[in-house]
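A.B. asks: Below is a structure I'd like to ask you about.
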Protein chains: 2
Amino acid sequence: MNVDNVHYRSIWINSDGWSVDIIDQTRLPHVFTINNLQTLQDASSAIKEMLVRGAPLIGATAAYGYYLALRQDPSDTGMDNAYQQLFATRPTAVNLRWALDRMQARVSPLKAADRALAAFTEAGEIADQDVVSNQSIGQHGLELIREITAHKKPGDPVNILTHCNAGWLATVDWGTATAPIYMAHDAGIAVHVWVDETRPRNQGASLTAWELGHHGVPHSLIVDNAGGHLMQHGLVDLCLVGSDRTTRNGDVCNKIGTYLKALAAKHNQVPFYVCLPSSTIDWTIGNGISEVPIEQRDTNEVAKIVGKLDDGEIAAVNIAPEKTNIVNYAFDITPAELVTGLITERAIVTADEAGLASLSSEAQ
Amino acid sequence: MNVDNVHYRSIWINSDGWSVDIIDQTRLPHVFTINNLQTLQDASSAIKEMLVRGAPLIGATAAYGYYLALRQDPSDTGMDNAYQQLFATRPTAVNLRWALDRMQARVSPLKAADRALAAFTEAGEIADQDVVSNQSIGQHGLELIREITAHKKPGDPVNILTHCNAGWLATVDWGTATAPIYMAHDAGIAVHVWVDETRPRNQGASLTAWELGHHGVPHSLIVDNAGGHLMQHGLVDLCLVGSDRTTRNGDVCNKIGTYLKALAAKHNQVPFYVCLPSSTIDWTIGNGISEVPIEQRDTNEVAKIVGKLDDGEIAAVNIAPEKTNIVNYAFDITPAELVTGLITERAIVTADEAGLASLSSEAQ
């Protein structure tokens, strides 16, 4: 989408024709920096240090990282090493594995000399398909938003709550949860987005508010605690969130705190939709609560908050008492019963085994 | 409770015998500072700028502020002026009004020359009664915790989740939600407290974690988003929160985000208790959602997070993009249906009209 009237994707081929550019998302919203990836190590670090994040963008970055690895070492050993190193960067995102499996399947039958170019092409296709996929999610979600406008007073905006960043910065373009929002806004429908700040990493404040602002979509930043109050008072028409992994039962693994918003939506009859490409469905898992491992991350994410000082410097402040014990779970599971529907690139389906099975022959 | 092995209350008479000392809670957990109040203006500012906060401590501070005002001007005009100025400091806390009404009723029949001393005595009684009241809340809550230990493996701690700071710093001593915890800990029962950081002002991180740490109670700081996940995985045995105002129906107004935790507790069959002195019950209001005005506070509370830089300096970092719109609701309503019980100084009662009416003849 747009940054200062220039269209960007979140990952693209540098003008040198072979290396890969990304936006360093750890420096947003204060500084817009482009980083150049040239090696497997560059790509692994970019995922691990969360310069890139969001399940679809992690998949695309892993694909490009695999390609960069094969430029250096296209042997079977090089290929295996690339797979292992990239797979180890983040434990939860299922389409990290999906992208790597797809790259390996495409490349491994080839002669070593042909692998890098094939990987380059395949990574590009993964990126392009993500864009097309999100456009389809956007079209399906746009219809939902149109239906809601029919019940609003003319001119009153459709109020949409979102959690974390399932925006274009989390994908290659458009975003998942934001695709319907961008399409509605571009179609002239009045929308207003409640943006959860999304502690501990504040991706809502630093990424979602930033990207909506640069595209001109009206929005308000709120703390994660506020959504229940807003729903209780009729100030939310629709919740749209993304997903890092969705089980074949329809249980949704997403950023910690999603579950609490889904509970509030259910309690106040607010429709709660999850936007996801079907590549993030994990057909091997049924029950999300008992079967999805939840990543625990560095406790400094909780203790130290990064922001901009009055003098413009970027710094971290420690908010906790010294030596306080901290626990930092990164994701939670929203049980399928709380999910009104899943908006995928193929269709909107119910969050249950039948709904998901209707999407794909992969469900066998 | 204890700070570095010295017992403190949160408000007390200075060794000069007449002025009032408080702890500047805006500087915790990093700096422990005592502020001296000598005038009505000092006391009003301390409440308004949140050097003191928490419904019971606001009440006690208002009472002492009223006393300080009468030292300066014990006339009817002075009395009215003190009432108005103190009442305007915070719009939501019902026992601000309760304390001022009590002071006025005690003092107004007296000759002007006798008012300051009577006010001094009355404010002291309000403070002492708060301590006794919290001890009673603690005793009632302690019995609940004992019952839970009966169903735990020996040595496994009782895991208690709390939101915001309803600790001794929010009251004169003991706290409301923390009183049962301190009593259980002091009685040798193994407890572990999940402390919500409580954005936007982080009173959980800066106050609750600080006071539990100084008293030696095991605890873990978590982001506000984490509680649902913990309850889903059986990691919470009991939720204990405070209340700024409870309606005669049992609807609970408390720090924004309390409602979301109550929803998660209900969904996972975790008992959810609200600890409150009966002075915070608002008998004039039935339905909390439609009738309790919710304070909107400065948006800088959301945009700017105060903490300690690596060099030890206290500073605020801005986490939001420039010019982003922000909305900052301070409280929410937890409907009575989500509340397992109300722990008051008189008894544990159900959160409904019958339960509350059983507490007091004030319910007429």
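Every chain in the structure tokens has a letter given in the order shown (A, B, ...), and although residue numbers restart at 1 in each chain, ligands are simply numbered from 1 in the order shown.
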Quick one: residues within 7 Å of Asp21 of chain B, only C-alpha atoms, excluding same-chain residues fewer than 5 positions away - as a VMD selection string?

C.D. replies: chain B and resid 11 to 14 34 to 37

A.B. asks: Please find the residues of chain B near chain A - the criterion being any atom within 8 Å, counting only C-alpha atoms - and write them as number ranges by chain.

C.D. replies: B: 29-30, 198-200, 202, 205-206, 209-210, 213, 219-226, 228-229, 232-233, 256-261, 263-264, 289, 302, 305-310, 315-321, 324-329, 332-333

A.B. asks: Atom CA of Ile126 of chain B to atom CA of Thr26 of chain B: how many Å, to one decimal?

C.D. replies: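 Computed distance, atom CA of Ile126 of chain B to atom CA of Thr26 of chain B, equals 23.8 Å.
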
A.B. asks: Need the shell around Ser75 of chain A: protein/DNA/RNA residues with any atom at most 9 Å away, counting only C-alpha atoms. Skip same-chain ones fewer than 2 positions apart. Format as a ChimeraX atom specification?

C.D. replies: /A:70,73,77-80,111-113,115

A.B. asks: Please write the residues from the selection above to a file, keeping all heavy atoms, as a PDB file, in the first residue's frame.

C.D. replies:
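Result file is part_7.pdb:
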```pdb
ATOM      1  N   LEU A  70      20.648 -20.669  -1.779  1.00  0.00           N
ATOM      2  CA  LEU A  70      21.038 -21.491  -2.939  1.00  0.00           C
ATOM      3  C   LEU A  70      21.958 -20.729  -3.888  1.00  0.00           C
ATOM      4  O   LEU A  70      22.692 -21.350  -4.655  1.00  0.00           O
ATOM      5  CB  LEU A  70      19.791 -21.993  -3.676  1.00  0.00           C
ATOM      6  CG  LEU A  70      18.880 -22.928  -2.870  1.00  0.00           C
ATOM      7  CD1 LEU A  70      17.928 -23.669  -3.791  1.00  0.00           C
ATOM      8  CD2 LEU A  70      19.669 -23.929  -2.040  1.00  0.00           C
ATOM      9  N   ASP A  73      25.135 -21.734  -2.018  1.00  0.00           N
ATOM     10  CA  ASP A  73      25.441 -23.169  -1.971  1.00  0.00           C
ATOM     11  C   ASP A  73      24.221 -23.960  -2.435  1.00  0.00           C
ATOM     12  O   ASP A  73      23.319 -24.243  -1.647  1.00  0.00           O
ATOM     13  CB  ASP A  73      25.830 -23.564  -0.539  1.00  0.00           C
ATOM     14  CG  ASP A  73      26.134 -25.062  -0.438  1.00  0.00           C
ATOM     15  OD1 ASP A  73      26.027 -25.779  -1.467  1.00  0.00           O
ATOM     16  OD2 ASP A  73      26.480 -25.509   0.674  1.00  0.00           O
ATOM     17  N   THR A  77      23.312 -30.451   0.607  1.00  0.00           N
ATOM     18  CA  THR A  77      23.648 -30.000   1.962  1.00  0.00           C
ATOM     19  C   THR A  77      23.240 -28.551   2.173  1.00  0.00           C
ATOM     20  O   THR A  77      22.653 -28.180   3.206  1.00  0.00           O
ATOM     21  CB  THR A  77      25.173 -30.117   2.204  1.00  0.00           C
ATOM     22  OG1 THR A  77      25.590 -31.403   1.777  1.00  0.00           O
ATOM     23  CG2 THR A  77      25.521 -29.900   3.674  1.00  0.00           C
ATOM     24  N   GLY A  78      23.541 -27.721   1.192  1.00  0.00           N
ATOM     25  CA  GLY A  78      23.178 -26.302   1.286  1.00  0.00           C
ATOM     26  C   GLY A  78      21.675 -26.120   1.404  1.00  0.00           C
ATOM     27  O   GLY A  78      21.185 -25.296   2.199  1.00  0.00           O
ATOM     28  N   MET A  79      20.959 -26.934   0.628  1.00  0.00           N
ATOM     29  CA  MET A  79      19.500 -26.865   0.639  1.00  0.00           C
ATOM     30  C   MET A  79      18.952 -27.261   2.018  1.00  0.00           C
ATOM     31  O   MET A  79      18.103 -26.576   2.582  1.00  0.00           O
ATOM     32  CB  MET A  79      18.963 -27.851  -0.395  1.00  0.00           C
ATOM     33  CG  MET A  79      18.007 -27.262  -1.368  1.00  0.00           C
ATOM     34  SD  MET A  79      17.708 -28.416  -2.745  1.00  0.00           S
ATOM     35  CE  MET A  79      17.694 -29.996  -1.962  1.00  0.00           C
ATOM     36  N   ASP A  80      19.466 -28.381   2.543  1.00  0.00           N
ATOM     37  CA  ASP A  80      19.001 -28.855   3.855  1.00  0.00           C
ATOM     38  C   ASP A  80      19.334 -27.847   4.951  1.00  0.00           C
ATOM     39  O   ASP A  80      18.529 -27.580   5.842  1.00  0.00           O
ATOM     40  CB  ASP A  80      19.665 -30.197   4.208  1.00  0.00           C
ATOM     41  CG  ASP A  80      19.086 -31.323   3.380  1.00  0.00           C
ATOM     42  OD1 ASP A  80      18.058 -31.084   2.690  1.00  0.00           O
ATOM     43  OD2 ASP A  80      19.662 -32.421   3.395  1.00  0.00           O
ATOM     44  N   LYS A 111      18.988 -30.053 -11.011  1.00  0.00           N
ATOM     45  CA  LYS A 111      20.445 -30.037 -10.892  1.00  0.00           C
ATOM     46  C   LYS A 111      20.855 -28.824 -10.059  1.00  0.00           C
ATOM     47  O   LYS A 111      20.204 -27.766 -10.117  1.00  0.00           O
ATOM     48  CB  LYS A 111      21.087 -29.908 -12.280  1.00  0.00           C
ATOM     49  CG  LYS A 111      21.080 -31.201 -13.079  1.00  0.00           C
ATOM     50  CD  LYS A 111      21.802 -31.003 -14.410  1.00  0.00           C
ATOM     51  CE  LYS A 111      21.118 -29.889 -15.201  1.00  0.00           C
ATOM     52  NZ  LYS A 111      21.494 -29.816 -16.623  1.00  0.00           N
ATOM     53  N   ALA A 112      21.945 -28.972  -9.324  1.00  0.00           N
ATOM     54  CA  ALA A 112      22.395 -27.886  -8.450  1.00  0.00           C
ATOM     55  C   ALA A 112      22.494 -26.560  -9.205  1.00  0.00           C
ATOM     56  O   ALA A 112      22.078 -25.507  -8.699  1.00  0.00           O
ATOM     57  CB  ALA A 112      23.740 -28.237  -7.806  1.00  0.00           C
ATOM     58  N   ALA A 113      22.996 -26.600 -10.405  1.00  0.00           N
ATOM     59  CA  ALA A 113      23.224 -25.360 -11.155  1.00  0.00           C
ATOM     60  C   ALA A 113      21.933 -24.619 -11.489  1.00  0.00           C
ATOM     61  O   ALA A 113      21.945 -23.412 -11.727  1.00  0.00           O
ATOM     62  CB  ALA A 113      23.990 -25.661 -12.440  1.00  0.00           C
ATOM     63  N   ARG A 115      19.216 -24.583  -9.521  1.00  0.00           N
ATOM     64  CA  ARG A 115      18.348 -24.399  -8.347  1.00  0.00           C
ATOM     65  C   ARG A 115      18.120 -22.932  -7.972  1.00  0.00           C
ATOM     66  O   ARG A 115      17.004 -22.546  -7.613  1.00  0.00           O
ATOM     67  CB  ARG A 115      18.926 -25.157  -7.144  1.00  0.00           C
ATOM     68  CG  ARG A 115      18.691 -26.652  -7.261  1.00  0.00           C
ATOM     69  CD  ARG A 115      19.397 -27.439  -6.174  1.00  0.00           C
ATOM     70  NE  ARG A 115      19.024 -28.863  -6.251  1.00  0.00           N
ATOM     71  CZ  ARG A 115      19.636 -29.823  -5.579  1.00  0.00           C
ATOM     72  NH1 ARG A 115      20.657 -29.536  -4.782  1.00  0.00           N
ATOM     73  NH2 ARG A 115      19.226 -31.073  -5.693  1.00  0.00           N
TER      74      ARG A 115
END
```

A.B. asks: Where does DSSP see alpha helix (DSSP H) in segment 68-289 of chain B, if you list the residues as a VMD selection string?

C.D. replies: chain B and resid 68 to 72 76 to 87 94 to 107 112 to 149 179 to 186 203 209 to 215 227 to 232 258 to 267 288 to 289

A.B. asks: So which one's closest to Phe120 of chain B, B:Asn165, B:Thr344, B:Thr178, B:Ser19? Using only C-alpha atoms, please.

C.D. replies: B:Ser19

A.B. asks: For segment 47-52 of chain A, work out the shell of residues within 7 Å, counting only C-alpha atoms and skipping chain neighbours fewer than 4 positions away, then give it as a short mmCIF file (atom, residue, chain, number, x, y, z; two decimals) with N, CA and C atoms, in the first residue's frame.

C.D. replies:
```cif
data_model
loop_
_atom_site.label_atom_id
_atom_site.label_comp_id
_atom_site.auth_asym_id
_atom_site.auth_seq_id
_atom_site.Cartn_x
_atom_site.Cartn_y
_atom_site.Cartn_z
N ASP A 24 12.43 -2.42 7.68
CA ASP A 24 12.76 -2.80 9.06
C ASP A 24 11.62 -2.37 9.97
N GLN A 25 10.76 -3.34 10.29
CA GLN A 25 9.54 -3.01 11.03
C GLN A 25 9.79 -2.74 12.51
N THR A 26 10.98 -3.07 12.98
CA THR A 26 11.28 -2.78 14.39
C THR A 26 11.47 -1.28 14.61
N ALA A 43 18.52 -13.19 5.92
CA ALA A 43 17.09 -13.50 5.93
C ALA A 43 16.68 -14.14 7.26
N LEU A 57 4.19 -12.81 5.58
CA LEU A 57 5.48 -12.19 5.23
C LEU A 57 6.64 -13.05 5.72
N ILE A 58 6.48 -13.73 6.84
CA ILE A 58 7.51 -14.67 7.28
C ILE A 58 7.69 -15.76 6.22
N THR A 89 13.74 -20.30 12.87
CA THR A 89 13.69 -18.88 13.27
C THR A 89 12.50 -18.54 14.15
N ARG A 90 11.33 -19.14 13.85
CA ARG A 90 10.11 -18.85 14.63
C ARG A 90 9.32 -20.14 14.80
#
```

A.B. asks: With only C-alpha atoms as the counted atoms, please give the residues lying no more than 7 Å from Val236 of chain A, apart from itself and same-chain residues fewer than 3 positions off, as a PDB file with N, CA and C atoms, in the first residue's frame.

C.D. replies:
```
ATOM      1  N   ASN A 159     -17.575   0.808  12.240  1.00  0.00           N
ATOM      2  CA  ASN A 159     -16.484   0.740  13.214  1.00  0.00           C
ATOM      3  C   ASN A 159     -15.943  -0.681  13.289  1.00  0.00           C
ATOM      4  N   ILE A 160     -14.674  -0.817  12.980  1.00  0.00           N
ATOM      5  CA  ILE A 160     -14.041  -2.136  12.912  1.00  0.00           C
ATOM      6  C   ILE A 160     -12.907  -2.183  13.923  1.00  0.00           C
ATOM      7  N   LEU A 161     -12.914  -3.201  14.774  1.00  0.00           N
ATOM      8  CA  LEU A 161     -11.813  -3.360  15.733  1.00  0.00           C
ATOM      9  C   LEU A 161     -10.831  -4.393  15.208  1.00  0.00           C
ATOM     10  N   LEU A 230     -15.815  -0.795  24.548  1.00  0.00           N
ATOM     11  CA  LEU A 230     -16.343  -0.271  23.278  1.00  0.00           C
ATOM     12  C   LEU A 230     -17.473  -1.160  22.759  1.00  0.00           C
ATOM     13  N   MET A 231     -17.278  -2.459  22.818  1.00  0.00           N
ATOM     14  CA  MET A 231     -18.313  -3.373  22.307  1.00  0.00           C
ATOM     15  C   MET A 231     -19.573  -3.302  23.160  1.00  0.00           C
TER      16      MET A 231
END
```

A.B. asks: With a distance cut-off of 6 Å and only C-alpha atoms, select the neighbouring residues of segment 248-254 of chain B, excluding the residue or stretch itself and same-chain residues fewer than 3 positions from it, and output the selection as a list in words.

C.D. replies: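 Contacts, in chain order: Ser243, Asp244, Arg245, Trp283, Gly286, Gly288, Phe331, Asp332, Ile333, Thr334, Pro335, Ala336, Ala351, Asp352 and Glu353 of chain B.
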
A.B. asks: Tell me, in Å to one decimal, how far atom CA of Ser136 of chain A is from atom CA of His192 of chain A.

C.D. replies: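 Between atom CA of Ser136 of chain A and atom CA of His192 of chain A the gap works out to 21.4 Å.
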
A.B. asks: So which bits of segment 39-161 of chain B end up strand (DSSP E) when you DSSP the backbone, as JSON, numbers by chain?

C.D. replies: {"B": [158, 159, 160, 161]}

A.B. asks: Produce a file of the selected residues containing N, CA, C and O atoms, as a short mmCIF file (atom, residue, chain, number, x, y, z; two decimals), in the first residue's frame.

C.D. replies:
```cif
data_model
loop_
_atom_site.label_atom_id
_atom_site.label_comp_id
_atom_site.auth_asym_id
_atom_site.auth_seq_id
_atom_site.Cartn_x
_atom_site.Cartn_y
_atom_site.Cartn_z
N VAL B 158 -1.43 -21.44 45.09
CA VAL B 158 -2.71 -20.95 44.58
C VAL B 158 -2.39 -19.78 43.66
O VAL B 158 -1.76 -18.80 44.07
N ASN B 159 -2.79 -19.91 42.38
CA ASN B 159 -2.50 -18.87 41.40
C ASN B 159 -3.65 -17.88 41.34
O ASN B 159 -4.78 -18.24 41.01
N ILE B 160 -3.33 -16.62 41.64
CA ILE B 160 -4.35 -15.57 41.71
C ILE B 160 -4.02 -14.50 40.68
O ILE B 160 -2.88 -14.01 40.65
N LEU B 161 -4.98 -14.18 39.85
CA LEU B 161 -4.77 -13.10 38.88
C LEU B 161 -5.40 -11.81 39.40
O LEU B 161 -6.54 -11.83 39.90
#
```

A.B. asks: Considering only C-alpha atoms, return as a list in words whatever protein or nucleic-acid residues lie within 8 Å of Phe87 of chain B, sequence-local ones (same chain, fewer than 2 positions apart) excluded.

C.D. replies: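 Within the cut-off, the hits are Tyr83, Gln84, Gln85, Thr89, Arg90, Pro91, Leu96, Arg97 and Leu100 of chain B.
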
A.B. asks: Given only C-alpha atoms as the basis, pick out the residue of B:Asp298, B:Asp282, B:Asp196, B:Glu291 nearest to Val94 of chain B.

C.D. replies: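 For Val94 of chain B, the nearest of the candidates is B:Asp282.
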